[in-house]
$ cat model-v1.pdb   # PDB, C-alpha atoms, pLDDT in the B column
ATOM      1  CA  MET A 208      30.196  15.869  42.399  1.00 42.00           C
ATOM      2  CA  ALA A 209      31.818  18.364  40.073  1.00 44.00           C
ATOM      3  CA  GLY A 210      29.823  19.601  37.125  1.00 44.00           C
ATOM      4  CA  SER A 211      32.141  21.506  34.830  1.00 46.00           C
ATOM      5  CA  LEU A 212      35.775  20.551  34.583  1.00 49.00           C
ATOM      6  CA  ALA A 213      38.763  22.352  33.106  1.00 47.00           C
ATOM      7  CA  GLY A 214      38.373  23.055  29.410  1.00 50.00           C
ATOM      8  CA  GLY A 215      34.632  23.573  29.704  1.00 58.00           C
ATOM      9  CA  ARG A 216      33.754  19.931  29.219  1.00 58.00           C
ATOM     10  CA  SER A 217      31.008  18.408  31.308  1.00 63.00           C
ATOM     11  CA  MET A 218      31.358  15.178  33.284  1.00 59.00           C
ATOM     12  CA  ALA A 219      28.939  13.542  30.837  1.00 57.00           C
ATOM     13  CA  GLN A 220      31.223  14.286  27.880  1.00 58.00           C
ATOM     14  CA  ILE A 221      34.314  13.064  29.679  1.00 56.00           C
ATOM     15  CA  SER A 222      32.669   9.864  30.902  1.00 50.00           C
ATOM     16  CA  ALA A 223      31.930   8.892  27.297  1.00 53.00           C
ATOM     17  CA  LYS A 224      35.664   8.773  26.592  1.00 58.00           C
ATOM     18  CA  HIS A 225      36.504   6.678  29.620  1.00 60.00           C
ATOM     19  CA  HIS A 226      33.579   4.298  29.686  1.00 66.00           C
ATOM     20  CA  ARG A 227      35.792   1.389  30.767  1.00 70.00           C
ATOM     21  CA  GLU A 228      36.834   3.150  33.993  1.00 78.00           C
ATOM     22  CA  PRO A 229      34.885   1.639  36.934  1.00 82.00           C
ATOM     23  CA  GLY A 230      34.512   5.079  38.524  1.00 85.00           C
ATOM     24  CA  PHE A 231      32.882   6.511  35.421  1.00 86.00           C
ATOM     25  CA  ARG A 232      30.664   3.448  35.044  1.00 89.00           C
ATOM     26  CA  HIS A 233      29.510   3.979  38.619  1.00 91.00           C
ATOM     27  CA  TRP A 234      28.944   7.694  37.929  1.00 92.00           C
ATOM     28  CA  ARG A 235      26.944   7.002  34.783  1.00 92.00           C
ATOM     29  CA  TRP A 236      24.756   4.266  36.273  1.00 93.00           C
ATOM     30  CA  GLN A 237      24.109   6.442  39.304  1.00 95.00           C
ATOM     31  CA  ARG A 238      22.644   9.064  36.980  1.00 95.00           C
ATOM     32  CA  ILE A 239      20.717   6.602  34.792  1.00 95.00           C
ATOM     33  CA  SER A 240      19.080   5.062  37.868  1.00 96.00           C
ATOM     34  CA  ALA A 241      18.488   8.552  39.299  1.00 96.00           C
ATOM     35  CA  VAL A 242      16.574   9.685  36.198  1.00 95.00           C
ATOM     36  CA  ALA A 243      14.573   6.436  36.117  1.00 94.00           C
ATOM     37  CA  THR A 244      13.611   6.868  39.778  1.00 95.00           C
ATOM     38  CA  LEU A 245      12.891  10.590  39.347  1.00 94.00           C
ATOM     39  CA  GLY A 246      10.307   9.830  36.661  1.00 90.00           C
ATOM     40  CA  LEU A 247       8.224   7.990  39.262  1.00 92.00           C
ATOM     41  CA  MET A 248       9.183  10.187  42.230  1.00 88.00           C
ATOM     42  CA  LEU A 249       5.916  12.067  42.613  1.00 85.00           C
ATOM     43  CA  TYR A 250       3.945   8.816  42.289  1.00 90.00           C
ATOM     44  CA  PHE A 251       6.136   7.119  44.872  1.00 91.00           C
ATOM     45  CA  THR A 252       5.997   9.956  47.423  1.00 90.00           C
ATOM     46  CA  TYR A 253       2.219   9.957  47.134  1.00 86.00           C
ATOM     47  CA  LEU A 254       2.204   6.179  47.559  1.00 89.00           C
ATOM     48  CA  VAL A 255       4.441   6.381  50.648  1.00 88.00           C
ATOM     49  CA  ALA A 256       2.175   8.981  52.227  1.00 86.00           C
ATOM     50  CA  SER A 257      -0.971   6.952  51.510  1.00 85.00           C
ATOM     51  CA  MET A 258       0.233   3.421  52.290  1.00 85.00           C
ATOM     52  CA  GLY A 259       0.016   3.859  56.073  1.00 81.00           C
ATOM     53  CA  PRO A 260      -3.769   3.581  56.443  1.00 84.00           C
ATOM     54  CA  LEU A 261      -4.083   0.726  53.897  1.00 90.00           C
ATOM     55  CA  ASP A 262      -5.359  -2.544  55.355  1.00 93.00           C
ATOM     56  CA  TYR A 263      -4.530  -5.945  53.833  1.00 96.00           C
ATOM     57  CA  SER A 264      -7.292  -6.145  51.214  1.00 96.00           C
ATOM     58  CA  ALA A 265      -6.901  -2.489  50.172  1.00 95.00           C
ATOM     59  CA  ALA A 266      -3.124  -2.874  49.859  1.00 96.00           C
ATOM     60  CA  MET A 267      -3.531  -6.123  47.858  1.00 97.00           C
ATOM     61  CA  ALA A 268      -6.014  -4.491  45.482  1.00 96.00           C
ATOM     62  CA  PHE A 269      -3.695  -1.494  45.050  1.00 95.00           C
ATOM     63  CA  VAL A 270      -0.491  -3.414  44.254  1.00 96.00           C
ATOM     64  CA  ALA A 271      -2.355  -5.977  42.097  1.00 96.00           C
ATOM     65  CA  ALA A 272      -3.582  -3.256  39.695  1.00 95.00           C
ATOM     66  CA  PRO A 273      -1.385  -3.639  36.562  1.00 95.00           C
ATOM     67  CA  GLN A 274      -0.299   0.013  36.366  1.00 94.00           C
ATOM     68  CA  HIS A 275       0.780   0.020  40.026  1.00 95.00           C
ATOM     69  CA  ALA A 276       2.504  -3.366  39.753  1.00 96.00           C
ATOM     70  CA  VAL A 277       4.539  -2.164  36.747  1.00 96.00           C
ATOM     71  CA  ALA A 278       5.381   1.183  38.387  1.00 96.00           C
ATOM     72  CA  LEU A 279       6.465  -0.565  41.599  1.00 96.00           C
ATOM     73  CA  ALA A 280       8.601  -3.071  39.686  1.00 96.00           C
ATOM     74  CA  ILE A 281      10.445  -0.246  37.874  1.00 96.00           C
ATOM     75  CA  LEU A 282      10.814   1.679  41.156  1.00 96.00           C
ATOM     76  CA  VAL A 283      12.178  -1.338  42.997  1.00 96.00           C
ATOM     77  CA  ILE A 284      14.804  -2.083  40.319  1.00 96.00           C
ATOM     78  CA  ALA A 285      15.923   1.508  39.640  1.00 97.00           C
ATOM     79  CA  GLY A 286      15.554   2.736  43.227  1.00 97.00           C
ATOM     80  CA  LEU A 287      17.369  -0.100  44.972  1.00 98.00           C
ATOM     81  CA  PHE A 288      20.101  -0.094  42.305  1.00 97.00           C
ATOM     82  CA  HIS A 289      20.524   3.647  42.954  1.00 97.00           C
ATOM     83  CA  ALA A 290      20.574   2.950  46.705  1.00 98.00           C
ATOM     84  CA  ALA A 291      23.322   0.319  46.295  1.00 97.00           C
ATOM     85  CA  LEU A 292      25.469   2.715  44.234  1.00 97.00           C
ATOM     86  CA  GLY A 293      24.915   5.515  46.750  1.00 97.00           C
ATOM     87  CA  MET A 294      25.765   3.366  49.756  1.00 97.00           C
ATOM     88  CA  GLN A 295      28.913   2.192  47.952  1.00 96.00           C
ATOM     89  CA  MET A 296      29.922   5.853  47.546  1.00 95.00           C
ATOM     90  CA  ILE A 297      29.349   6.579  51.237  1.00 95.00           C
ATOM     91  CA  ILE A 298      31.259   3.475  52.341  1.00 95.00           C
ATOM     92  CA  GLU A 299      34.185   4.292  50.028  1.00 92.00           C
ATOM     93  CA  ASP A 300      34.347   7.846  51.377  1.00 89.00           C
ATOM     94  CA  TYR A 301      34.330   7.034  55.088  1.00 89.00           C
ATOM     95  CA  ILE A 302      35.570   3.472  55.584  1.00 91.00           C
ATOM     96  CA  PRO A 303      39.339   2.952  55.155  1.00 88.00           C
ATOM     97  CA  LEU A 304      40.426   0.112  52.868  1.00 90.00           C
ATOM     98  CA  ALA A 305      42.081  -1.655  55.813  1.00 89.00           C
ATOM     99  CA  SER A 306      38.834  -1.612  57.814  1.00 90.00           C
ATOM    100  CA  GLY A 307      36.953  -3.888  55.458  1.00 94.00           C
ATOM    101  CA  ARG A 308      35.792  -1.380  52.869  1.00 94.00           C
ATOM    102  CA  LEU A 309      35.563  -3.968  50.087  1.00 95.00           C
ATOM    103  CA  ALA A 310      33.689  -6.464  52.246  1.00 97.00           C
ATOM    104  CA  LEU A 311      31.200  -3.772  53.308  1.00 96.00           C
ATOM    105  CA  VAL A 312      30.569  -2.735  49.684  1.00 96.00           C
ATOM    106  CA  THR A 313      29.949  -6.376  48.773  1.00 97.00           C
ATOM    107  CA  ILE A 314      27.570  -6.837  51.722  1.00 97.00           C
ATOM    108  CA  ALA A 315      25.673  -3.642  50.795  1.00 97.00           C
ATOM    109  CA  ARG A 316      25.308  -4.822  47.199  1.00 97.00           C
ATOM    110  CA  GLY A 317      24.074  -8.220  48.386  1.00 98.00           C
ATOM    111  CA  VAL A 318      21.499  -6.688  50.747  1.00 98.00           C
ATOM    112  CA  PHE A 319      20.032  -4.419  48.063  1.00 98.00           C
ATOM    113  CA  ALA A 320      20.104  -7.178  45.430  1.00 98.00           C
ATOM    114  CA  ILE A 321      18.207  -9.528  47.764  1.00 98.00           C
ATOM    115  CA  ALA A 322      15.724  -6.755  48.664  1.00 98.00           C
ATOM    116  CA  ALA A 323      15.140  -6.025  44.953  1.00 98.00           C
ATOM    117  CA  MET A 324      14.642  -9.702  44.085  1.00 98.00           C
ATOM    118  CA  ALA A 325      12.309 -10.277  47.058  1.00 98.00           C
ATOM    119  CA  SER A 326      10.296  -7.156  46.177  1.00 98.00           C
ATOM    120  CA  LEU A 327       9.983  -8.156  42.525  1.00 98.00           C
ATOM    121  CA  VAL A 328       8.841 -11.681  43.390  1.00 98.00           C
ATOM    122  CA  SER A 329       6.359 -10.219  45.913  1.00 98.00           C
ATOM    123  CA  VAL A 330       4.887  -7.777  43.383  1.00 98.00           C
ATOM    124  CA  GLY A 331       4.651 -10.633  40.873  1.00 97.00           C
ATOM    125  CA  MET A 332       2.852 -12.844  43.401  1.00 97.00           C
ATOM    126  CA  ILE A 333       0.438 -10.075  44.429  1.00 97.00           C
ATOM    127  CA  ALA A 334      -0.334  -9.272  40.786  1.00 96.00           C
ATOM    128  CA  GLY A 335      -1.017 -12.979  40.184  1.00 94.00           C
ATOM    129  CA  LEU A 336       1.846 -13.444  37.721  1.00 91.00           C
ATOM    130  CA  ILE A 337       3.763 -15.954  39.837  1.00 85.00           C
TER     131      ILE A 337
ATOM    132  CA  MET B 176      52.242   2.093  60.776  1.00 54.00           C
ATOM    133  CA  ALA B 177      52.102   5.319  58.770  1.00 68.00           C
ATOM    134  CA  LYS B 178      49.396   7.853  59.525  1.00 75.00           C
ATOM    135  CA  PRO B 179      46.218   6.726  57.721  1.00 74.00           C
ATOM    136  CA  ARG B 180      45.341   8.586  54.529  1.00 73.00           C
ATOM    137  CA  PRO B 181      42.696  11.272  55.080  1.00 71.00           C
ATOM    138  CA  LEU B 182      39.205  10.438  53.833  1.00 71.00           C
ATOM    139  CA  SER B 183      36.981  12.891  51.984  1.00 69.00           C
ATOM    140  CA  PRO B 184      35.006  15.061  52.375  1.00 64.00           C
ATOM    141  CA  HIS B 185      36.991  16.641  55.283  1.00 69.00           C
ATOM    142  CA  LEU B 186      33.829  18.103  56.800  1.00 67.00           C
ATOM    143  CA  GLN B 187      35.593  19.437  59.881  1.00 73.00           C
ATOM    144  CA  VAL B 188      37.907  21.887  58.057  1.00 77.00           C
ATOM    145  CA  TYR B 189      35.115  23.847  56.360  1.00 74.00           C
ATOM    146  CA  ARG B 190      32.954  26.637  57.738  1.00 81.00           C
ATOM    147  CA  PRO B 191      29.317  25.506  57.296  1.00 85.00           C
ATOM    148  CA  GLN B 192      27.603  27.184  54.346  1.00 91.00           C
ATOM    149  CA  LEU B 193      24.261  26.622  52.611  1.00 95.00           C
ATOM    150  CA  THR B 194      26.057  24.725  49.853  1.00 94.00           C
ATOM    151  CA  SER B 195      27.970  22.364  52.122  1.00 90.00           C
ATOM    152  CA  ILE B 196      25.011  21.797  54.443  1.00 93.00           C
ATOM    153  CA  MET B 197      22.731  20.957  51.502  1.00 96.00           C
ATOM    154  CA  SER B 198      25.394  18.668  50.083  1.00 94.00           C
ATOM    155  CA  ILE B 199      25.700  16.618  53.263  1.00 92.00           C
ATOM    156  CA  MET B 200      21.889  16.687  53.585  1.00 96.00           C
ATOM    157  CA  HIS B 201      21.706  15.089  50.136  1.00 98.00           C
ATOM    158  CA  ARG B 202      23.957  12.301  51.311  1.00 97.00           C
ATOM    159  CA  ALA B 203      22.153  11.922  54.653  1.00 97.00           C
ATOM    160  CA  SER B 204      18.725  11.815  52.979  1.00 98.00           C
ATOM    161  CA  GLY B 205      20.123   9.258  50.528  1.00 98.00           C
ATOM    162  CA  ALA B 206      21.240   7.047  53.409  1.00 98.00           C
ATOM    163  CA  VAL B 207      17.790   7.442  55.036  1.00 98.00           C
ATOM    164  CA  LEU B 208      16.121   6.494  51.745  1.00 97.00           C
ATOM    165  CA  ALA B 209      18.395   3.498  51.169  1.00 98.00           C
ATOM    166  CA  THR B 210      17.546   2.178  54.647  1.00 97.00           C
ATOM    167  CA  GLY B 211      13.865   3.084  54.335  1.00 97.00           C
ATOM    168  CA  SER B 212      13.632   1.377  50.942  1.00 96.00           C
ATOM    169  CA  LEU B 213      14.478  -1.888  52.679  1.00 97.00           C
ATOM    170  CA  LEU B 214      11.356  -1.265  54.804  1.00 96.00           C
ATOM    171  CA  VAL B 215       9.327  -0.695  51.623  1.00 96.00           C
ATOM    172  CA  ALA B 216      10.680  -4.046  50.392  1.00 97.00           C
ATOM    173  CA  LEU B 217       9.591  -5.572  53.715  1.00 97.00           C
ATOM    174  CA  TRP B 218       6.104  -4.064  53.238  1.00 96.00           C
ATOM    175  CA  LEU B 219       5.838  -5.728  49.800  1.00 97.00           C
ATOM    176  CA  VAL B 220       7.146  -9.090  51.041  1.00 98.00           C
ATOM    177  CA  ALA B 221       4.756  -9.055  54.027  1.00 98.00           C
ATOM    178  CA  LEU B 222       1.876  -8.205  51.706  1.00 97.00           C
ATOM    179  CA  ALA B 223       2.727 -11.118  49.404  1.00 98.00           C
ATOM    180  CA  ALA B 224       3.122 -13.443  52.415  1.00 98.00           C
ATOM    181  CA  GLY B 225      -0.477 -12.908  53.503  1.00 97.00           C
ATOM    182  CA  ALA B 226      -2.652 -11.059  56.010  1.00 97.00           C
ATOM    183  CA  ALA B 227      -1.053 -12.811  58.993  1.00 97.00           C
ATOM    184  CA  PHE B 228       2.289 -11.207  58.088  1.00 97.00           C
ATOM    185  CA  PHE B 229       0.929  -7.928  56.744  1.00 97.00           C
ATOM    186  CA  ASP B 230      -1.380  -6.964  59.626  1.00 96.00           C
ATOM    187  CA  PRO B 231       1.440  -6.410  62.179  1.00 96.00           C
ATOM    188  CA  VAL B 232       3.264  -4.266  59.578  1.00 95.00           C
ATOM    189  CA  ALA B 233       0.114  -2.211  58.957  1.00 94.00           C
ATOM    190  CA  ASP B 234      -0.361  -1.838  62.728  1.00 94.00           C
ATOM    191  CA  ALA B 235       3.226  -0.636  63.166  1.00 94.00           C
ATOM    192  CA  MET B 236       2.661   1.989  60.464  1.00 93.00           C
ATOM    193  CA  GLN B 237      -0.451   3.249  62.268  1.00 91.00           C
ATOM    194  CA  HIS B 238       1.559   3.684  65.455  1.00 94.00           C
ATOM    195  CA  THR B 239       2.805   7.248  66.139  1.00 95.00           C
ATOM    196  CA  LEU B 240       6.418   6.095  65.820  1.00 96.00           C
ATOM    197  CA  GLY B 241       5.616   4.339  62.544  1.00 95.00           C
ATOM    198  CA  GLN B 242       3.908   7.435  61.192  1.00 93.00           C
ATOM    199  CA  LEU B 243       6.957   9.476  62.177  1.00 95.00           C
ATOM    200  CA  VAL B 244       9.201   7.061  60.241  1.00 95.00           C
ATOM    201  CA  VAL B 245       6.952   7.282  57.169  1.00 94.00           C
ATOM    202  CA  PHE B 246       6.855  11.076  57.401  1.00 95.00           C
ATOM    203  CA  GLY B 247      10.644  11.264  57.728  1.00 96.00           C
ATOM    204  CA  TYR B 248      11.012   8.938  54.758  1.00 96.00           C
ATOM    205  CA  SER B 249       8.691  11.102  52.633  1.00 95.00           C
ATOM    206  CA  LEU B 250      10.565  14.268  53.651  1.00 96.00           C
ATOM    207  CA  ALA B 251      13.892  12.659  52.694  1.00 97.00           C
ATOM    208  CA  LEU B 252      12.332  11.473  49.420  1.00 96.00           C
ATOM    209  CA  VAL B 253      11.096  14.945  48.438  1.00 97.00           C
ATOM    210  CA  TYR B 254      14.377  16.645  49.386  1.00 98.00           C
ATOM    211  CA  HIS B 255      16.606  14.058  47.702  1.00 98.00           C
ATOM    212  CA  GLY B 256      14.428  14.110  44.567  1.00 97.00           C
ATOM    213  CA  LEU B 257      14.356  17.895  44.243  1.00 98.00           C
ATOM    214  CA  ASN B 258      18.039  18.324  45.126  1.00 98.00           C
ATOM    215  CA  GLY B 259      18.793  15.441  42.760  1.00 98.00           C
ATOM    216  CA  ILE B 260      17.311  17.487  39.903  1.00 97.00           C
ATOM    217  CA  ARG B 261      19.681  20.292  41.007  1.00 98.00           C
ATOM    218  CA  HIS B 262      22.642  17.881  40.810  1.00 97.00           C
ATOM    219  CA  LEU B 263      21.588  16.593  37.376  1.00 97.00           C
ATOM    220  CA  MET B 264      21.320  20.212  36.163  1.00 97.00           C
ATOM    221  CA  TRP B 265      24.885  20.854  37.321  1.00 97.00           C
ATOM    222  CA  ASP B 266      25.998  17.758  35.378  1.00 95.00           C
ATOM    223  CA  LEU B 267      24.532  19.449  32.290  1.00 96.00           C
ATOM    224  CA  ARG B 268      26.501  22.606  33.224  1.00 95.00           C
ATOM    225  CA  ILE B 269      23.343  24.514  34.117  1.00 97.00           C
ATOM    226  CA  GLY B 270      23.297  26.861  37.112  1.00 97.00           C
ATOM    227  CA  LEU B 271      26.919  26.557  38.187  1.00 96.00           C
ATOM    228  CA  GLU B 272      27.452  30.256  39.042  1.00 97.00           C
ATOM    229  CA  ILE B 273      27.696  30.762  42.821  1.00 96.00           C
ATOM    230  CA  LYS B 274      24.652  33.051  42.817  1.00 97.00           C
ATOM    231  CA  GLN B 275      22.589  30.486  40.868  1.00 97.00           C
ATOM    232  CA  VAL B 276      23.756  27.690  43.179  1.00 97.00           C
ATOM    233  CA  TYR B 277      22.417  29.643  46.163  1.00 98.00           C
ATOM    234  CA  GLN B 278      19.162  30.513  44.347  1.00 98.00           C
ATOM    235  CA  SER B 279      18.476  26.894  43.392  1.00 98.00           C
ATOM    236  CA  GLY B 280      19.439  25.878  46.936  1.00 98.00           C
ATOM    237  CA  TYR B 281      16.849  28.123  48.535  1.00 98.00           C
ATOM    238  CA  LEU B 282      14.328  27.052  45.873  1.00 98.00           C
ATOM    239  CA  VAL B 283      14.889  23.357  46.706  1.00 98.00           C
ATOM    240  CA  LEU B 284      14.540  24.020  50.459  1.00 98.00           C
ATOM    241  CA  GLY B 285      11.328  26.004  49.949  1.00 98.00           C
ATOM    242  CA  LEU B 286       9.830  23.463  47.548  1.00 98.00           C
ATOM    243  CA  THR B 287      10.728  20.590  49.888  1.00 98.00           C
ATOM    244  CA  VAL B 288       8.639  22.129  52.681  1.00 97.00           C
ATOM    245  CA  LEU B 289       5.828  23.063  50.283  1.00 97.00           C
ATOM    246  CA  VAL B 290       5.615  19.713  48.454  1.00 95.00           C
ATOM    247  CA  THR B 291       5.847  17.667  51.671  1.00 94.00           C
ATOM    248  CA  ALA B 292       3.151  19.791  53.334  1.00 94.00           C
ATOM    249  CA  MET B 293       0.866  19.545  50.269  1.00 93.00           C
ATOM    250  CA  LEU B 294       1.440  15.810  50.074  1.00 90.00           C
ATOM    251  CA  TRP B 295       0.360  15.167  53.662  1.00 90.00           C
ATOM    252  CA  LEU B 296      -2.534  17.617  53.497  1.00 90.00           C
ATOM    253  CA  ALA B 297      -3.797  15.957  50.285  1.00 84.00           C
ATOM    254  CA  VAL B 298      -3.632  12.399  51.624  1.00 77.00           C
TER     255      VAL B 298
END

$ encode --input "model-v1.pdb" --output "structure tokens"
Amino acid sequence: MAGSLAGGRSMAQISAKHHREPGFRHWRWQRISAVATLGLMLYFTYLVASMGPLDYSAAMAFVAAPQHAVALAILVIAGLFHAALGMQMIIEDYIPLASGRLALVTIARGVFAIAAMASLVSVGMIAGLI
Amino acid sequence: MAKPRPLSPHLQVYRPQLTSIMSIMHRASGAVLATGSLLVALWLVALAAGAAFFDPVADAMQHTLGQLVVFGYSLALVYHGLNGIRHLMWDLRIGLEIKQVYQSGYLVLGLTVLVTAMLWLAV
């Protein structure tokens, strides 16, 4: 992940001129989803550390609270999207094209898309919206 | 068949340095988080499915092994988040001098330990 390129231009400036390139689209969305996730990072780490001792009714009451349901929905979308982009990067770096790289990327995308959809529906059900 | 094309990032040809170790740690923690996030999704689905599905999940998280997984996930989360800020700063061309890269590196490592410790002491 290079920051400054030749000529003193940043990656952000260059990506704007090549927005149709898939690589730059990936780069840009990786950062957009990173910033979205970062905004809720402290909240999420605290949640992760405190969700262990929660029993069923306590966990239901927590997730059903509107502010937590909304925060979790944003986290699930941005976080799992970021995860899919990151896993794609790892697969593309280490798995040769001939060894099923494209299939693996597609599978990874499918897994994270299903996880995001299932999580969203679950949060909606717990919050009483569905 | 011709010799296969080399794949980045050629880890084996470099002498380990703080920068390279932290870089691969960013990737490793990202992989841990991606996998762990599927478990968070499972937690949400089990919760929505009802107490009969959620109770075994809650029990597993109370288990020592489960607690270890949650702790590892939180450690990866704090590191990846803090080091992610470092990466975003570089994208904005901030802190790219070698000396600054090392300073921010040590800062991220220190803060990771501090924030994770505070988190678990506060809970």

$ interface_residues --input "model-v1.pdb" --of "chain B" --to "chain A" --cutoff "7 Å" --atoms "all atoms listed in the file" --output "PyMOL selection string"
chain B and resi 182-183+206+209+213+216+219-220+222-223+226+229-230+233+236-237+249+252+256+265-268+294-295+298

$ write_last_selection --input "model-v1.pdb" --atoms "C-alpha atoms" --output "compact mmCIF listing (two decimals), in the coordinates of the input"
# COMPACT_ATOMS: atom_id res chain seq x y z
CA LEU B 182 39.20 10.44 53.83
CA SER B 183 36.98 12.89 51.98
CA ALA B 206 21.24 7.05 53.41
CA ALA B 209 18.40 3.50 51.17
CA LEU B 213 14.48 -1.89 52.68
CA ALA B 216 10.68 -4.05 50.39
CA LEU B 219 5.84 -5.73 49.80
CA VAL B 220 7.15 -9.09 51.04
CA LEU B 222 1.88 -8.20 51.71
CA ALA B 223 2.73 -11.12 49.40
CA ALA B 226 -2.65 -11.06 56.01
CA PHE B 229 0.93 -7.93 56.74
CA ASP B 230 -1.38 -6.96 59.63
CA ALA B 233 0.11 -2.21 58.96
CA MET B 236 2.66 1.99 60.46
CA GLN B 237 -0.45 3.25 62.27
CA SER B 249 8.69 11.10 52.63
CA LEU B 252 12.33 11.47 49.42
CA GLY B 256 14.43 14.11 44.57
CA TRP B 265 24.88 20.85 37.32
CA ASP B 266 26.00 17.76 35.38
CA LEU B 267 24.53 19.45 32.29
CA ARG B 268 26.50 22.61 33.22
CA LEU B 294 1.44 15.81 50.07
CA TRP B 295 0.36 15.17 53.66
CA VAL B 298 -3.63 12.40 51.62

$ resolve_selection --input "model-v1.pdb" --expression "the PyMOL selection byres ((chain B and resi 283-292) around 10)" --output "mmCIF file with C-alpha atoms, in the frame of the given file"
data_model
loop_
_atom_site.group_PDB
_atom_site.id
_atom_site.type_symbol
_atom_site.label_atom_id
_atom_site.label_comp_id
_atom_site.auth_asym_id
_atom_site.auth_seq_id
_atom_site.Cartn_x
_atom_site.Cartn_y
_atom_site.Cartn_z
ATOM 1 C CA LEU A 249 5.916 12.067 42.613
ATOM 2 C CA THR A 252 5.997 9.956 47.423
ATOM 3 C CA TYR A 253 2.219 9.957 47.134
ATOM 4 C CA ALA A 256 2.175 8.981 52.227
ATOM 5 C CA MET B 197 22.731 20.957 51.502
ATOM 6 C CA PHE B 246 6.855 11.076 57.401
ATOM 7 C CA SER B 249 8.691 11.102 52.633
ATOM 8 C CA LEU B 250 10.565 14.268 53.651
ATOM 9 C CA ALA B 251 13.892 12.659 52.694
ATOM 10 C CA LEU B 252 12.332 11.473 49.420
ATOM 11 C CA VAL B 253 11.096 14.945 48.438
ATOM 12 C CA TYR B 254 14.377 16.645 49.386
ATOM 13 C CA HIS B 255 16.606 14.058 47.702
ATOM 14 C CA GLY B 256 14.428 14.110 44.567
ATOM 15 C CA LEU B 257 14.356 17.895 44.243
ATOM 16 C CA ASN B 258 18.039 18.324 45.126
ATOM 17 C CA GLY B 259 18.793 15.441 42.760
ATOM 18 C CA ILE B 260 17.311 17.487 39.903
ATOM 19 C CA ARG B 261 19.681 20.292 41.007
ATOM 20 C CA TYR B 277 22.417 29.643 46.163
ATOM 21 C CA GLN B 278 19.162 30.513 44.347
ATOM 22 C CA SER B 279 18.476 26.894 43.392
ATOM 23 C CA GLY B 280 19.439 25.878 46.936
ATOM 24 C CA TYR B 281 16.849 28.123 48.535
ATOM 25 C CA LEU B 282 14.328 27.052 45.873
ATOM 26 C CA MET B 293 0.866 19.545 50.269
ATOM 27 C CA LEU B 294 1.440 15.810 50.074
ATOM 28 C CA TRP B 295 0.360 15.167 53.662
ATOM 29 C CA LEU B 296 -2.534 17.617 53.497
ATOM 30 C CA ALA B 297 -3.797 15.957 50.285
#

$ atom_distance --input "model-v1.pdb" --atom1 "CA of Val188 (chain B)" --atom2 "CA of His201 (chain B)"
19.3 Å

$ atom_distance --input "model-v1.pdb" --atom1 "CA of Ala320 (chain A)" --atom2 "CA of Ile284 (chain A)"
9.0 Å

$ closest_residue --input "model-v1.pdb" --among "B:Leu217, B:Ile269, B:His262, B:Ser204" --to "Gly247 (chain B)" --atoms "only C-alpha atoms"
B:Ser204

$ decode --input "model-v1.pdb" --residues "region 265-273 of chain A" --atoms "N, CA, C and O atoms" --output "PDB file, in the first residue's frame"
ATOM      1  N   ALA A 265     -30.702 -10.572  28.156  1.00  0.00           N
ATOM      2  CA  ALA A 265     -29.859  -9.373  28.182  1.00  0.00           C
ATOM      3  C   ALA A 265     -29.377  -9.020  26.778  1.00  0.00           C
ATOM      4  O   ALA A 265     -29.366  -7.852  26.382  1.00  0.00           O
ATOM      5  N   ALA A 266     -28.988 -10.067  26.013  1.00  0.00           N
ATOM      6  CA  ALA A 266     -28.512  -9.833  24.649  1.00  0.00           C
ATOM      7  C   ALA A 266     -29.645  -9.311  23.761  1.00  0.00           C
ATOM      8  O   ALA A 266     -29.452  -8.389  22.963  1.00  0.00           O
ATOM      9  N   MET A 267     -30.865  -9.888  23.929  1.00  0.00           N
ATOM     10  CA  MET A 267     -32.025  -9.428  23.160  1.00  0.00           C
ATOM     11  C   MET A 267     -32.316  -7.959  23.449  1.00  0.00           C
ATOM     12  O   MET A 267     -32.516  -7.159  22.530  1.00  0.00           O
ATOM     13  N   ALA A 268     -32.329  -7.609  24.744  1.00  0.00           N
ATOM     14  CA  ALA A 268     -32.627  -6.233  25.137  1.00  0.00           C
ATOM     15  C   ALA A 268     -31.584  -5.279  24.571  1.00  0.00           C
ATOM     16  O   ALA A 268     -31.905  -4.171  24.122  1.00  0.00           O
ATOM     17  N   PHE A 269     -30.310  -5.735  24.564  1.00  0.00           N
ATOM     18  CA  PHE A 269     -29.224  -4.882  24.067  1.00  0.00           C
ATOM     19  C   PHE A 269     -29.399  -4.600  22.574  1.00  0.00           C
ATOM     20  O   PHE A 269     -29.443  -3.451  22.143  1.00  0.00           O
ATOM     21  N   VAL A 270     -29.505  -5.668  21.777  1.00  0.00           N
ATOM     22  CA  VAL A 270     -29.563  -5.503  20.314  1.00  0.00           C
ATOM     23  C   VAL A 270     -30.864  -4.814  19.887  1.00  0.00           C
ATOM     24  O   VAL A 270     -30.896  -4.093  18.893  1.00  0.00           O
ATOM     25  N   ALA A 271     -31.953  -5.018  20.671  1.00  0.00           N
ATOM     26  CA  ALA A 271     -33.247  -4.440  20.294  1.00  0.00           C
ATOM     27  C   ALA A 271     -33.284  -2.924  20.489  1.00  0.00           C
ATOM     28  O   ALA A 271     -34.088  -2.242  19.864  1.00  0.00           O
ATOM     29  N   ALA A 272     -32.399  -2.393  21.359  1.00  0.00           N
ATOM     30  CA  ALA A 272     -32.375  -0.932  21.565  1.00  0.00           C
ATOM     31  C   ALA A 272     -32.041  -0.255  20.237  1.00  0.00           C
ATOM     32  O   ALA A 272     -31.083  -0.649  19.572  1.00  0.00           O
ATOM     33  N   PRO A 273     -32.842   0.755  19.829  1.00  0.00           N
ATOM     34  CA  PRO A 273     -32.691   1.344  18.481  1.00  0.00           C
ATOM     35  C   PRO A 273     -31.268   1.793  18.158  1.00  0.00           C
ATOM     36  O   PRO A 273     -30.770   1.514  17.063  1.00  0.00           O
TER      37      PRO A 273
END
